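These notes concern the structure reproduced below.
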Amino acid sequence: MTLPAVLHFLPYGVAIWLAVVGLFGLTRSRNFIHLTLCLTILQASTYLLLLSVGYRTGGQPPIARGATAAPFVDPIVQALTLTDIVVGATVTALLLSMAVQLHNRGVSLDPESEKPFRK
Amino acid sequence: MTFDDHLPMLVIAAPLMVATVLAALRRQVPRRVVESISIATAAAVLAGSVRIAMLACKRVPVVWLGGWTPRHGMALGIALSAEPIGAVLAAFAATLILAGLLFSWHYFDDVRGLYHSLMLIFLASMVAFCFSGDAFNLFVIFELMSVVAFALTGYKIEESSLEGAFNFGVTNSVAALLMLTGIALLYARTGALNLAQIGRTLAAGPLDGLVIVSLVLVLSALMIKGGIVPFHFWLSDAHAVAPTPVCVQFSGLMIALWLYGAAHIYWLVYAEAVAPIRETLQCILLVMGAITVILGGVMSLFQRHMKRMLAFSSISHMGILLLGFAGLDARSTAASALYIVGHGLVKGGLFLLTGILLHRFGTVDQVALYGAGKELKFTGAWFFAGGLLLAGLSPFGVWFGEARIDEALGGIGLHWPGWIIVAGSALTGAAVLRAGARVFLGIGTVAESEKREPTEKDKRSKPGPSSPNPLMLVAACGLLVLAVVLGVLTRMESLLDAGAEILSRQGLYAAHVLEGTALAPHITGVSFPAGAERGIIAAAAAVLLAAVLLFTRWRALRAIELLQQALNVVHSGKVTDYVAWIVVGATLIGGSFAVFHGKRQDESGHRLSAEPRGDGRRDVHGRFLAPAAAPRAFDQVADHAPLLTDEVHIVFSALQKLAPHVLEDKRNALLRPADEVEGDQTAGDIRPHHQHAEVHGPDVVPPGAPVQRDHDLTTVVVERDDRRLDEEEQEDVAERPSADLERLAQEPSHRRIFFASTRRFAYTPTARSYIHAGITRAMRVAIDMGRGNSMTRAPRSIPPAICFAARSTGTRNGIRNSFFSVIGVATKPGLTTVTRMANDASSIRAASRKACIAALLAEYPELLGRPRSPASEAIPANRPERRSIIAGITASKRCSIPK
């Protein structure tokens, strides 16, 4: 496998790795804040995936002014990534605020702790 | 552009804007004003949605945000398309929000303006979801809806509600990310985000791992959100703790809407592309649906917290909904949409009645409330009515959807899901009736073990007024009354039918969205569904079961105890476990595709490795439709022109042999086993070598006319009967009465759009999946080749002669011919393009695509700069045998146009 080929697949590999790590963290976490951060790691894998999908080898930024003949990298996925980041920030903020509220009420932040509302 | 044209945009934008203003002014404006404004907004959205539904009866409205309309069939902007089912569900969403807001008027002692803002944003996102025609837009809407839902769940900011909201938030965020990954994969393949465009491009490309992985991701994501086992854990946690008017939205519509999203995406994106693995998909959905129905029903019986009980009953009913969607045809989709409305009304009403209890007593624990509800006679009566309705008592609300689902599934040979549905309805109905008997009548025993069970500690606030507020009762009973009279709303039902019909025609729908060809629902009347006795049976079983549960010591049974313990262990309330279940579930779905799909690949050799993978963007430009879109692409097409008839004579000779012997009104010959076919070699030729019978039927759409199959040319092809030639001279295409070219020429210049190549293949005898689905092989083949498959309505457009030819070339004279097979494309009577394909596996799609392009060129030779000539002349005169061959194919059919 040549170096360019490796480099081409590297981002996808990293994206998969991030997804696996994030999911693993989500299943093993012992703290709600840690859990939320694992979620952001899982989300980071989608950023990387989106950007890799739109990348063109040897491409230039998708700015028309002063563009050369090289292909543009896909601007759509970049916009999608930005939106994704905004969405992710919203969810993270909300989850963290819930964790803080739980903490303020003296509830353990450990997801493995006994639950108050079974049945 | 008129007001109506902007309506789909307005009904989304208006509640969002009002919500923003209310959130900003919540401290300045009195509470009642805020409530009145939000109720008025919801009512306006309701009116707008109903108006859109009425518009959709005539022509499905498509709005391109910012005026970014598609060019040459390529979508750039974001589309809102209000197809009828979406419009009906949007109106239903507004109805539920309206009921929730009316209920909230007296329900909350102190409610801040943010609650109403959140409800309005929730409404806007549900409506936007119904109308969205863009994949990424869908993701954003999902997230918007989810975030608002998390916030509403934890609105009370109490210990349990925060935990429920947190579980909800984490699991649904994981779902959203799975979905986004799926969308990213689709974009990588197709370079498109518009659902119709993705679907069109996928259908023209290969079905490979990437498509299946994206399908698994998107399906899992929507099943997580829709609360299907084993993804359902968050649902009961969130529903148990959310404020009651919010529960109505969650249980009534939100989860069902997410499942509907799965069906919506399936139809618009995947239906054509994944047709070869349709049976596997169907199998998976049926199994998951059935498990969900039963598990949800059993769990709801084990609950003493009434909102959790209703939450589990919702899970069970989502299973029924999934069973409906699993039919994967237009009828079952329409049935499921009807079921969403029926179930949402009943479940919403029950939640609101439970909310009245919560408001009055500060708890909804069945044991704590034992007999407490005796004073609330009116509420109690409606609660029992709700229980019976939930059990599917005919002929009301839920039953209509269930009966239609049963009918639709029965239509494709699946009869067992009907009894699963009855069982699920009876279980959930029994749970509600038992709760009602305990709380409102004070009868029945409470087992010691049940008393000991931990339950949620509701904060017992000050007791509410002794009689429920009339407005609350109006909201709760209004929903139930609507459920009772649902059967009267036949107009809505026929609109849903028409909407499903539209969805199921992926190609036509894509043309409507991308090219603006007219697409109007075909509204027909509806008949009263059969199976009223099942409704009675389910309701009776629910009553009986409730009585048994009330008056026996069933919990003392060892088996029940063990079962309950096991289920309690599984429903641990720990979000980490939930995520683990998500991973397990998604892996199982993906794994079963891998197993079945791998199996199929072994069996039919070349089926799924059709084309080299290409760059996504190149695929868009080089795809099959390009000839119709841009002049430049025609140069590329010209390269394909020589393929028109090269080496077709192989097929011809086979066909000519076949024609006199076999093509005699014997469609059944298709199904006759090889050893039964008598005598000579030709008979051997028709041994079903199904894997070669892959034929693409191009859709033909007259511009401007309402699209009904009965009037377009495809049908002309469809309706021809098998018939051998009577006279020698009729072999000439132009002389046959069937190929009435003059009459055809009088039709408006037909615009042929070769989208949605309809892939057909018959099934190898050992193909497992449909045997599992309970369909015998013979029947399956008949569906595909003969009567037409309701999934695409297209297979009948394949003249059986082509199937014969295609099959016969696989084996000639008993010797497997490994070099040739055939692809034929009939564009109209008198012209069938046949293209050779090498039988070495990988080029079926490529060959069929060439055939279609060749057909296009034969039809419009001026595209290549040649003078136009009658279709039959498109065949070079110096190769007369081709003509006779083509005549051979078409002559075996006779044109009978139904008028």
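Residue numbers start at 1 in each chain; chains themselves are named A, B, ... in the order of the structure tokens; ligands are numbered from 1 in the order shown.
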Using only C-alpha atoms, tabulate the residues of chain B lying at most 7 Å from any atom of chain A, each with its closest atom pair and that distance in Å to one decimal, by chain and increasing residue number, as JSON lines.
```
{"residue": "B:Glu143", "atom": "CA", "partner": "A:Val87", "partner_atom": "CA", "distance": 6.9}
{"residue": "B:Val147", "atom": "CA", "partner": "A:Val91", "partner_atom": "CA", "distance": 6.5}
{"residue": "B:Glu159", "atom": "CA", "partner": "A:Leu102", "partner_atom": "CA", "distance": 6.4}
{"residue": "B:Ser160", "atom": "CA", "partner": "A:Phe117", "partner_atom": "CA", "distance": 6.3}
{"residue": "B:Leu162", "atom": "CA", "partner": "A:Met98", "partner_atom": "CA", "distance": 6.2}
{"residue": "B:Phe166", "atom": "CA", "partner": "A:Leu95", "partner_atom": "CA", "distance": 6.4}
{"residue": "B:Gly169", "atom": "CA", "partner": "A:Leu95", "partner_atom": "CA", "distance": 7.0}
{"residue": "B:Leu177", "atom": "CA", "partner": "A:Gln43", "partner_atom": "CA", "distance": 6.4}
{"residue": "B:Thr181", "atom": "CA", "partner": "A:Thr46", "partner_atom": "CA", "distance": 6.1}
{"residue": "B:Ala184", "atom": "CA", "partner": "A:Leu50", "partner_atom": "CA", "distance": 5.9}
{"residue": "B:Ala188", "atom": "CA", "partner": "A:Val53", "partner_atom": "CA", "distance": 5.6}
{"residue": "B:Gln303", "atom": "CA", "partner": "A:Lys119", "partner_atom": "CA", "distance": 5.7}
{"residue": "B:Arg304", "atom": "CA", "partner": "A:Lys119", "partner_atom": "CA", "distance": 6.7}
{"residue": "B:His305", "atom": "CA", "partner": "A:Lys119", "partner_atom": "CA", "distance": 6.4}
{"residue": "B:Pro454", "atom": "CA", "partner": "A:Arg118", "partner_atom": "CA", "distance": 6.3}
{"residue": "B:Thr455", "atom": "CA", "partner": "A:Lys119", "partner_atom": "CA", "distance": 5.0}
{"residue": "B:Glu456", "atom": "CA", "partner": "A:Phe117", "partner_atom": "CA", "distance": 4.1}
{"residue": "B:Gly573", "atom": "CA", "partner": "A:Lys115", "partner_atom": "CA", "distance": 6.5}
{"residue": "B:Lys574", "atom": "CA", "partner": "A:Pro111", "partner_atom": "CA", "distance": 5.6}
{"residue": "B:Val575", "atom": "CA", "partner": "A:Pro111", "partner_atom": "CA", "distance": 6.5}
{"residue": "B:Thr576", "atom": "CA", "partner": "A:Thr27", "partner_atom": "CA", "distance": 4.3}
{"residue": "B:Asp577", "atom": "CA", "partner": "A:Thr27", "partner_atom": "CA", "distance": 6.2}
{"residue": "B:Val579", "atom": "CA", "partner": "A:Thr27", "partner_atom": "CA", "distance": 5.8}
{"residue": "B:Ala580", "atom": "CA", "partner": "A:Thr27", "partner_atom": "CA", "distance": 5.5}
```
Residues near range 58-72 of chain B, cut-off 6 Å, only C-alpha atoms, skip fewer than 2 positions along chain, as a ChimeraX atom specification:
/B:55-56,74-83,514,519-520,629
Test item: residues at most 12 Å from Ala290 in chain B, only C-alpha atoms, excluding those fewer than 2 positions along its chain, as a PDB file with N, CA and C atoms, in the first residue's frame:
```pdb
ATOM      1  N   ILE B 228     -38.004   0.853  19.544  1.00  0.00           N
ATOM      2  CA  ILE B 228     -38.160  -0.557  19.180  1.00  0.00           C
ATOM      3  C   ILE B 228     -37.162  -1.381  19.998  1.00  0.00           C
ATOM      4  N   VAL B 229     -37.619  -2.525  20.517  1.00  0.00           N
ATOM      5  CA  VAL B 229     -36.730  -3.418  21.257  1.00  0.00           C
ATOM      6  C   VAL B 229     -35.595  -3.836  20.323  1.00  0.00           C
ATOM      7  N   PRO B 230     -34.330  -3.830  20.720  1.00  0.00           N
ATOM      8  CA  PRO B 230     -33.787  -3.558  22.058  1.00  0.00           C
ATOM      9  C   PRO B 230     -33.322  -2.121  22.265  1.00  0.00           C
ATOM     10  N   CYS B 283     -37.946  -9.354   6.833  1.00  0.00           N
ATOM     11  CA  CYS B 283     -37.801 -10.336   7.903  1.00  0.00           C
ATOM     12  C   CYS B 283     -37.343  -9.672   9.198  1.00  0.00           C
ATOM     13  N   ILE B 284     -36.300  -8.844   9.080  1.00  0.00           N
ATOM     14  CA  ILE B 284     -35.751  -8.188  10.269  1.00  0.00           C
ATOM     15  C   ILE B 284     -36.815  -7.317  10.917  1.00  0.00           C
ATOM     16  N   LEU B 285     -37.508  -6.532  10.098  1.00  0.00           N
ATOM     17  CA  LEU B 285     -38.519  -5.630  10.656  1.00  0.00           C
ATOM     18  C   LEU B 285     -39.639  -6.421  11.323  1.00  0.00           C
ATOM     19  N   LEU B 286     -40.044  -7.515  10.685  1.00  0.00           N
ATOM     20  CA  LEU B 286     -41.143  -8.302  11.260  1.00  0.00           C
ATOM     21  C   LEU B 286     -40.733  -8.882  12.606  1.00  0.00           C
ATOM     22  N   VAL B 287     -39.524  -9.438  12.658  1.00  0.00           N
ATOM     23  CA  VAL B 287     -39.094 -10.059  13.912  1.00  0.00           C
ATOM     24  C   VAL B 287     -38.990  -9.008  15.008  1.00  0.00           C
ATOM     25  N   MET B 288     -38.339  -7.881  14.687  1.00  0.00           N
ATOM     26  CA  MET B 288     -38.183  -6.846  15.711  1.00  0.00           C
ATOM     27  C   MET B 288     -39.538  -6.304  16.143  1.00  0.00           C
ATOM     28  N   THR B 292     -41.070  -6.536  19.897  1.00  0.00           N
ATOM     29  CA  THR B 292     -41.432  -5.285  20.570  1.00  0.00           C
ATOM     30  C   THR B 292     -42.872  -5.316  21.061  1.00  0.00           C
ATOM     31  N   VAL B 293     -43.758  -5.812  20.213  1.00  0.00           N
ATOM     32  CA  VAL B 293     -45.176  -5.853  20.589  1.00  0.00           C
ATOM     33  C   VAL B 293     -45.347  -6.656  21.876  1.00  0.00           C
ATOM     34  N   ILE B 294     -44.770  -7.844  21.898  1.00  0.00           N
ATOM     35  CA  ILE B 294     -45.003  -8.724  23.041  1.00  0.00           C
ATOM     36  C   ILE B 294     -44.286  -8.201  24.287  1.00  0.00           C
ATOM     37  N   LEU B 295     -43.014  -7.842  24.131  1.00  0.00           N
ATOM     38  CA  LEU B 295     -42.273  -7.393  25.307  1.00  0.00           C
ATOM     39  C   LEU B 295     -42.899  -6.130  25.898  1.00  0.00           C
ATOM     40  N   GLY B 296     -43.243  -5.186  25.034  1.00  0.00           N
ATOM     41  CA  GLY B 296     -43.877  -3.960  25.531  1.00  0.00           C
ATOM     42  C   GLY B 296     -45.173  -4.273  26.257  1.00  0.00           C
ATOM     43  N   GLY B 297     -45.968  -5.178  25.693  1.00  0.00           N
ATOM     44  CA  GLY B 297     -47.235  -5.515  26.328  1.00  0.00           C
ATOM     45  C   GLY B 297     -47.029  -6.154  27.686  1.00  0.00           C
ATOM     46  N   ILE B 315     -44.590   1.435  23.616  1.00  0.00           N
ATOM     47  CA  ILE B 315     -43.542   0.627  22.984  1.00  0.00           C
ATOM     48  C   ILE B 315     -44.190  -0.525  22.226  1.00  0.00           C
ATOM     49  N   SER B 316     -45.142  -1.177  22.904  1.00  0.00           N
ATOM     50  CA  SER B 316     -45.828  -2.283  22.254  1.00  0.00           C
ATOM     51  C   SER B 316     -46.494  -1.829  20.954  1.00  0.00           C
ATOM     52  N   HIS B 317     -47.121  -0.662  21.020  1.00  0.00           N
ATOM     53  CA  HIS B 317     -47.836  -0.197  19.825  1.00  0.00           C
ATOM     54  C   HIS B 317     -46.881   0.263  18.736  1.00  0.00           C
ATOM     55  N   MET B 318     -45.695   0.723  19.136  1.00  0.00           N
ATOM     56  CA  MET B 318     -44.707   1.038  18.104  1.00  0.00           C
ATOM     57  C   MET B 318     -44.283  -0.243  17.388  1.00  0.00           C
ATOM     58  N   GLY B 319     -44.284  -1.347  18.142  1.00  0.00           N
ATOM     59  CA  GLY B 319     -44.003  -2.628  17.503  1.00  0.00           C
ATOM     60  C   GLY B 319     -45.037  -2.939  16.429  1.00  0.00           C
ATOM     61  N   ILE B 320     -46.314  -2.672  16.769  1.00  0.00           N
ATOM     62  CA  ILE B 320     -47.370  -2.904  15.777  1.00  0.00           C
ATOM     63  C   ILE B 320     -47.141  -2.031  14.549  1.00  0.00           C
ATOM     64  N   LEU B 321     -46.749  -0.784  14.824  1.00  0.00           N
ATOM     65  CA  LEU B 321     -46.484   0.138  13.714  1.00  0.00           C
ATOM     66  C   LEU B 321     -45.360  -0.406  12.840  1.00  0.00           C
ATOM     67  N   LEU B 322     -44.335  -0.935  13.487  1.00  0.00           N
ATOM     68  CA  LEU B 322     -43.208  -1.471  12.716  1.00  0.00           C
ATOM     69  C   LEU B 322     -43.661  -2.680  11.886  1.00  0.00           C
ATOM     70  N   LEU B 323     -44.528  -3.506  12.473  1.00  0.00           N
ATOM     71  CA  LEU B 323     -45.076  -4.631  11.702  1.00  0.00           C
ATOM     72  C   LEU B 323     -45.773  -4.106  10.453  1.00  0.00           C
ATOM     73  N   GLY B 324     -46.484  -2.990  10.641  1.00  0.00           N
ATOM     74  CA  GLY B 324     -47.166  -2.409   9.484  1.00  0.00           C
ATOM     75  C   GLY B 324     -46.180  -1.974   8.420  1.00  0.00           C
ATOM     76  N   ALA B 326     -43.331  -3.035   7.959  1.00  0.00           N
ATOM     77  CA  ALA B 326     -42.570  -4.170   7.446  1.00  0.00           C
ATOM     78  C   ALA B 326     -43.204  -4.754   6.198  1.00  0.00           C
ATOM     79  N   TRP B 416     -49.556 -14.310  10.205  1.00  0.00           N
ATOM     80  CA  TRP B 416     -49.317 -14.376  11.649  1.00  0.00           C
ATOM     81  C   TRP B 416     -49.202 -13.016  12.323  1.00  0.00           C
ATOM     82  N   PRO B 417     -48.670 -11.949  11.643  1.00  0.00           N
ATOM     83  CA  PRO B 417     -48.568 -10.693  12.390  1.00  0.00           C
ATOM     84  C   PRO B 417     -49.915 -10.193  12.886  1.00  0.00           C
ATOM     85  N   GLY B 418     -50.997 -10.551  12.167  1.00  0.00           N
ATOM     86  CA  GLY B 418     -52.310 -10.104  12.602  1.00  0.00           C
ATOM     87  C   GLY B 418     -52.611 -10.564  14.022  1.00  0.00           C
ATOM     88  N   TRP B 419     -52.201 -11.774  14.360  1.00  0.00           N
ATOM     89  CA  TRP B 419     -52.491 -12.290  15.705  1.00  0.00           C
ATOM     90  C   TRP B 419     -51.540 -11.706  16.736  1.00  0.00           C
ATOM     91  N   ILE B 420     -50.314 -11.373  16.306  1.00  0.00           N
ATOM     92  CA  ILE B 420     -49.407 -10.658  17.218  1.00  0.00           C
ATOM     93  C   ILE B 420     -50.038  -9.312  17.586  1.00  0.00           C
ATOM     94  N   ILE B 421     -50.623  -8.676  16.571  1.00  0.00           N
ATOM     95  CA  ILE B 421     -51.250  -7.373  16.818  1.00  0.00           C
ATOM     96  C   ILE B 421     -52.384  -7.525  17.820  1.00  0.00           C
ATOM     97  N   VAL B 422     -53.200  -8.555  17.625  1.00  0.00           N
ATOM     98  CA  VAL B 422     -54.299  -8.792  18.568  1.00  0.00           C
ATOM     99  C   VAL B 422     -53.739  -9.001  19.974  1.00  0.00           C
ATOM    100  N   ALA B 423     -52.675  -9.803  20.067  1.00  0.00           N
ATOM    101  CA  ALA B 423     -52.103 -10.086  21.388  1.00  0.00           C
ATOM    102  C   ALA B 423     -51.589  -8.806  22.037  1.00  0.00           C
ATOM    103  N   GLY B 424     -50.853  -8.004  21.250  1.00  0.00           N
ATOM    104  CA  GLY B 424     -50.308  -6.773  21.811  1.00  0.00           C
ATOM    105  C   GLY B 424     -51.406  -5.831  22.270  1.00  0.00           C
TER     106      GLY B 424
END
```
Pick from B:Leu393, B:Ala90, B:Gly442, B:Val485, whichever lies nearest to Ala542 in chain B using only C-alpha atoms:
B:Leu393
Would you please extract all helix (DSSP H, G or I) residues from range 341-550 of chain B, as assigned by DSSP on the backbone, and give them as a ChimeraX atom specification?
/B:341-361,372-375,377-390,397-411,416-441,448-452,470-488,490-504,506-515,532-550
I want to know what sits within 8 Å of Tyr12 in chain A, based on only C-alpha atoms, with residues of the same chain fewer than 2 positions away left out; could you give that as a PyMOL selection string?
chain A and resi 9-10+14-16+48-49+52
With N, CA, C and O atoms retained, export the selected residues as a PDB file, in the first residue's frame.
```pdb
ATOM      1  N   PHE A   9      -6.970   6.753   3.261  1.00  0.00           N
ATOM      2  CA  PHE A   9      -7.868   6.022   4.160  1.00  0.00           C
ATOM      3  C   PHE A   9      -7.682   6.394   5.624  1.00  0.00           C
ATOM      4  O   PHE A   9      -8.518   6.056   6.448  1.00  0.00           O
ATOM      5  N   LEU A  10      -6.599   7.105   5.905  1.00  0.00           N
ATOM      6  CA  LEU A  10      -6.312   7.424   7.307  1.00  0.00           C
ATOM      7  C   LEU A  10      -7.475   8.142   8.002  1.00  0.00           C
ATOM      8  O   LEU A  10      -7.892   7.722   9.087  1.00  0.00           O
ATOM      9  N   VAL A  14      -9.378   6.897  11.326  1.00  0.00           N
ATOM     10  CA  VAL A  14      -9.451   7.655  12.577  1.00  0.00           C
ATOM     11  C   VAL A  14     -10.906   7.878  12.976  1.00  0.00           C
ATOM     12  O   VAL A  14     -11.265   7.790  14.158  1.00  0.00           O
ATOM     13  N   ALA A  15     -11.753   8.144  11.979  1.00  0.00           N
ATOM     14  CA  ALA A  15     -13.176   8.372  12.292  1.00  0.00           C
ATOM     15  C   ALA A  15     -13.775   7.119  12.929  1.00  0.00           C
ATOM     16  O   ALA A  15     -14.500   7.200  13.928  1.00  0.00           O
ATOM     17  N   ILE A  16     -13.461   5.971  12.358  1.00  0.00           N
ATOM     18  CA  ILE A  16     -13.995   4.730  12.926  1.00  0.00           C
ATOM     19  C   ILE A  16     -13.441   4.529  14.340  1.00  0.00           C
ATOM     20  O   ILE A  16     -14.177   4.180  15.270  1.00  0.00           O
ATOM     21  N   LEU A  48     -15.150  14.262  11.319  1.00  0.00           N
ATOM     22  CA  LEU A  48     -14.028  13.785  10.510  1.00  0.00           C
ATOM     23  C   LEU A  48     -14.552  13.045   9.275  1.00  0.00           C
ATOM     24  O   LEU A  48     -14.036  13.231   8.165  1.00  0.00           O
ATOM     25  N   LEU A  49     -15.571  12.235   9.506  1.00  0.00           N
ATOM     26  CA  LEU A  49     -16.127  11.490   8.375  1.00  0.00           C
ATOM     27  C   LEU A  49     -16.642  12.443   7.311  1.00  0.00           C
ATOM     28  O   LEU A  49     -16.347  12.304   6.117  1.00  0.00           O
ATOM     29  N   SER A  52     -13.788  14.148   5.506  1.00  0.00           N
ATOM     30  CA  SER A  52     -13.048  13.245   4.614  1.00  0.00           C
ATOM     31  C   SER A  52     -13.832  12.961   3.345  1.00  0.00           C
ATOM     32  O   SER A  52     -13.258  12.841   2.264  1.00  0.00           O
TER      33      SER A  52
END
```
Find the residues near Ala263 in chain B: any atom within 12 Å, counting only C-alpha atoms, skip ones fewer than 5 places away on the same chain, and give them as a ChimeraX atom specification.
/B:85-86,130,215,218-219,222-223,226,256-258,268-271,281-282,285,321-330,332-334,336-337,500,503-504
Give me a file of those residues, with N, CA and C atoms, as a CSV table (one decimal), in the first residue's frame.
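The resulting file, part.csv, is shown below:
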```csv
chain,number,residue,atom,x,y,z
B,85,ILE,N,-49.3,12.1,3.2
B,85,ILE,CA,-49.1,11.5,4.6
B,85,ILE,C,-48.5,12.5,5.5
B,86,GLY,N,-47.4,13.2,5.0
B,86,GLY,CA,-46.8,14.2,5.8
B,86,GLY,C,-47.8,15.3,6.2
B,130,CYS,N,-42.3,16.4,9.0
B,130,CYS,CA,-43.2,15.8,8.0
B,130,CYS,C,-43.0,16.3,6.6
B,215,LEU,N,-28.0,2.0,5.3
B,215,LEU,CA,-29.4,1.6,5.6
B,215,LEU,C,-29.4,1.1,7.1
B,218,VAL,N,-29.1,4.2,9.4
B,218,VAL,CA,-30.3,5.0,9.4
B,218,VAL,C,-31.5,4.3,10.1
B,219,LEU,N,-31.7,3.0,9.8
B,219,LEU,CA,-32.7,2.3,10.4
B,219,LEU,C,-32.6,2.2,11.9
B,222,LEU,N,-33.4,5.4,13.6
B,222,LEU,CA,-34.8,5.7,13.7
B,222,LEU,C,-35.5,4.7,14.7
B,223,MET,N,-35.0,3.5,14.7
B,223,MET,CA,-35.6,2.6,15.7
B,223,MET,C,-35.3,2.9,17.1
B,226,GLY,N,-37.6,5.5,17.8
B,226,GLY,CA,-39.0,5.0,17.8
B,226,GLY,C,-39.3,4.0,18.9
B,256,ALA,N,-43.8,7.8,17.0
B,256,ALA,CA,-44.4,7.2,15.8
B,256,ALA,C,-43.9,8.0,14.6
B,257,LEU,N,-43.7,9.3,14.8
B,257,LEU,CA,-43.2,10.1,13.7
B,257,LEU,C,-41.8,9.6,13.3
B,258,TRP,N,-41.0,9.3,14.2
B,258,TRP,CA,-39.6,8.9,14.0
B,258,TRP,C,-39.7,7.5,13.2
B,268,LEU,N,-38.2,6.8,-0.2
B,268,LEU,CA,-37.6,7.9,-1.1
B,268,LEU,C,-36.2,7.5,-1.4
B,269,VAL,N,-35.5,6.8,-0.5
B,269,VAL,CA,-34.1,6.6,-0.8
B,269,VAL,C,-33.7,5.2,-1.2
B,270,TYR,N,-34.3,4.3,-0.4
B,270,TYR,CA,-33.7,2.9,-0.5
B,270,TYR,C,-34.6,2.0,-1.4
B,271,ALA,N,-35.8,2.3,-1.5
B,271,ALA,CA,-36.8,1.2,-2.0
B,271,ALA,C,-36.2,0.5,-3.3
B,281,LEU,N,-34.8,-7.5,4.7
B,281,LEU,CA,-35.2,-6.3,5.5
B,281,LEU,C,-36.6,-6.6,6.1
B,282,GLN,N,-37.4,-7.1,5.3
B,282,GLN,CA,-38.8,-7.4,5.8
B,282,GLN,C,-38.8,-8.3,7.0
B,285,LEU,N,-37.5,-6.5,10.1
B,285,LEU,CA,-38.5,-5.6,10.7
B,285,LEU,C,-39.6,-6.4,11.3
B,321,LEU,N,-46.7,-0.8,14.8
B,321,LEU,CA,-46.5,0.1,13.7
B,321,LEU,C,-45.4,-0.4,12.8
B,322,LEU,N,-44.3,-0.9,13.5
B,322,LEU,CA,-43.2,-1.5,12.7
B,322,LEU,C,-43.7,-2.7,11.9
B,323,LEU,N,-44.5,-3.5,12.5
B,323,LEU,CA,-45.1,-4.6,11.7
B,323,LEU,C,-45.8,-4.1,10.5
B,324,GLY,N,-46.5,-3.0,10.6
B,324,GLY,CA,-47.2,-2.4,9.5
B,324,GLY,C,-46.2,-2.0,8.4
B,325,PHE,N,-45.2,-1.2,8.8
B,325,PHE,CA,-44.2,-0.8,7.9
B,325,PHE,C,-43.4,-1.9,7.2
B,326,ALA,N,-43.3,-3.0,8.0
B,326,ALA,CA,-42.6,-4.2,7.4
B,326,ALA,C,-43.2,-4.8,6.2
B,327,GLY,N,-44.5,-4.4,5.9
B,327,GLY,CA,-45.1,-4.9,4.7
B,327,GLY,C,-44.3,-4.4,3.5
B,328,LEU,N,-43.7,-3.2,3.7
B,328,LEU,CA,-42.9,-2.6,2.6
B,328,LEU,C,-43.7,-2.5,1.3
B,329,ASP,N,-45.0,-2.2,1.4
B,329,ASP,CA,-45.7,-1.8,0.2
B,329,ASP,C,-46.6,-0.7,0.5
B,330,ALA,N,-47.2,-0.1,-0.5
B,330,ALA,CA,-48.0,1.1,-0.4
B,330,ALA,C,-49.2,0.9,0.6
B,332,SER,N,-49.6,-1.2,3.1
B,332,SER,CA,-49.3,-1.3,4.5
B,332,SER,C,-48.7,0.0,5.1
B,333,THR,N,-48.1,0.8,4.2
B,333,THR,CA,-47.6,2.1,4.7
B,333,THR,C,-48.8,3.0,5.0
B,334,ALA,N,-49.8,3.0,4.1
B,334,ALA,CA,-51.0,3.8,4.3
B,334,ALA,C,-51.7,3.3,5.6
B,336,SER,N,-50.3,2.0,8.2
B,336,SER,CA,-49.5,2.4,9.3
B,336,SER,C,-49.7,3.8,9.6
B,337,ALA,N,-49.8,4.6,8.6
B,337,ALA,CA,-50.1,6.1,8.8
B,337,ALA,C,-51.4,6.3,9.5
B,500,ALA,N,-49.5,7.1,0.3
B,500,ALA,CA,-48.6,6.0,0.3
B,500,ALA,C,-48.3,5.5,-1.1
B,503,LEU,N,-45.6,7.7,-2.4
B,503,LEU,CA,-44.3,7.4,-1.9
B,503,LEU,C,-43.7,6.1,-2.5
B,504,SER,N,-44.6,5.2,-2.8
B,504,SER,CA,-44.1,3.9,-3.2
B,504,SER,C,-43.7,4.0,-4.7
```
Near-Tyr370 in chain B list (9 Å; only C-alpha atoms; drop same-chain fewer than 3 positions) as a VMD selection string:
chain B and resid 365 to 367 373 437 to 443
One-decimal distance in Å that lies between CA of His522 in chain B and CA of Ala203 in chain B
24.7 Å
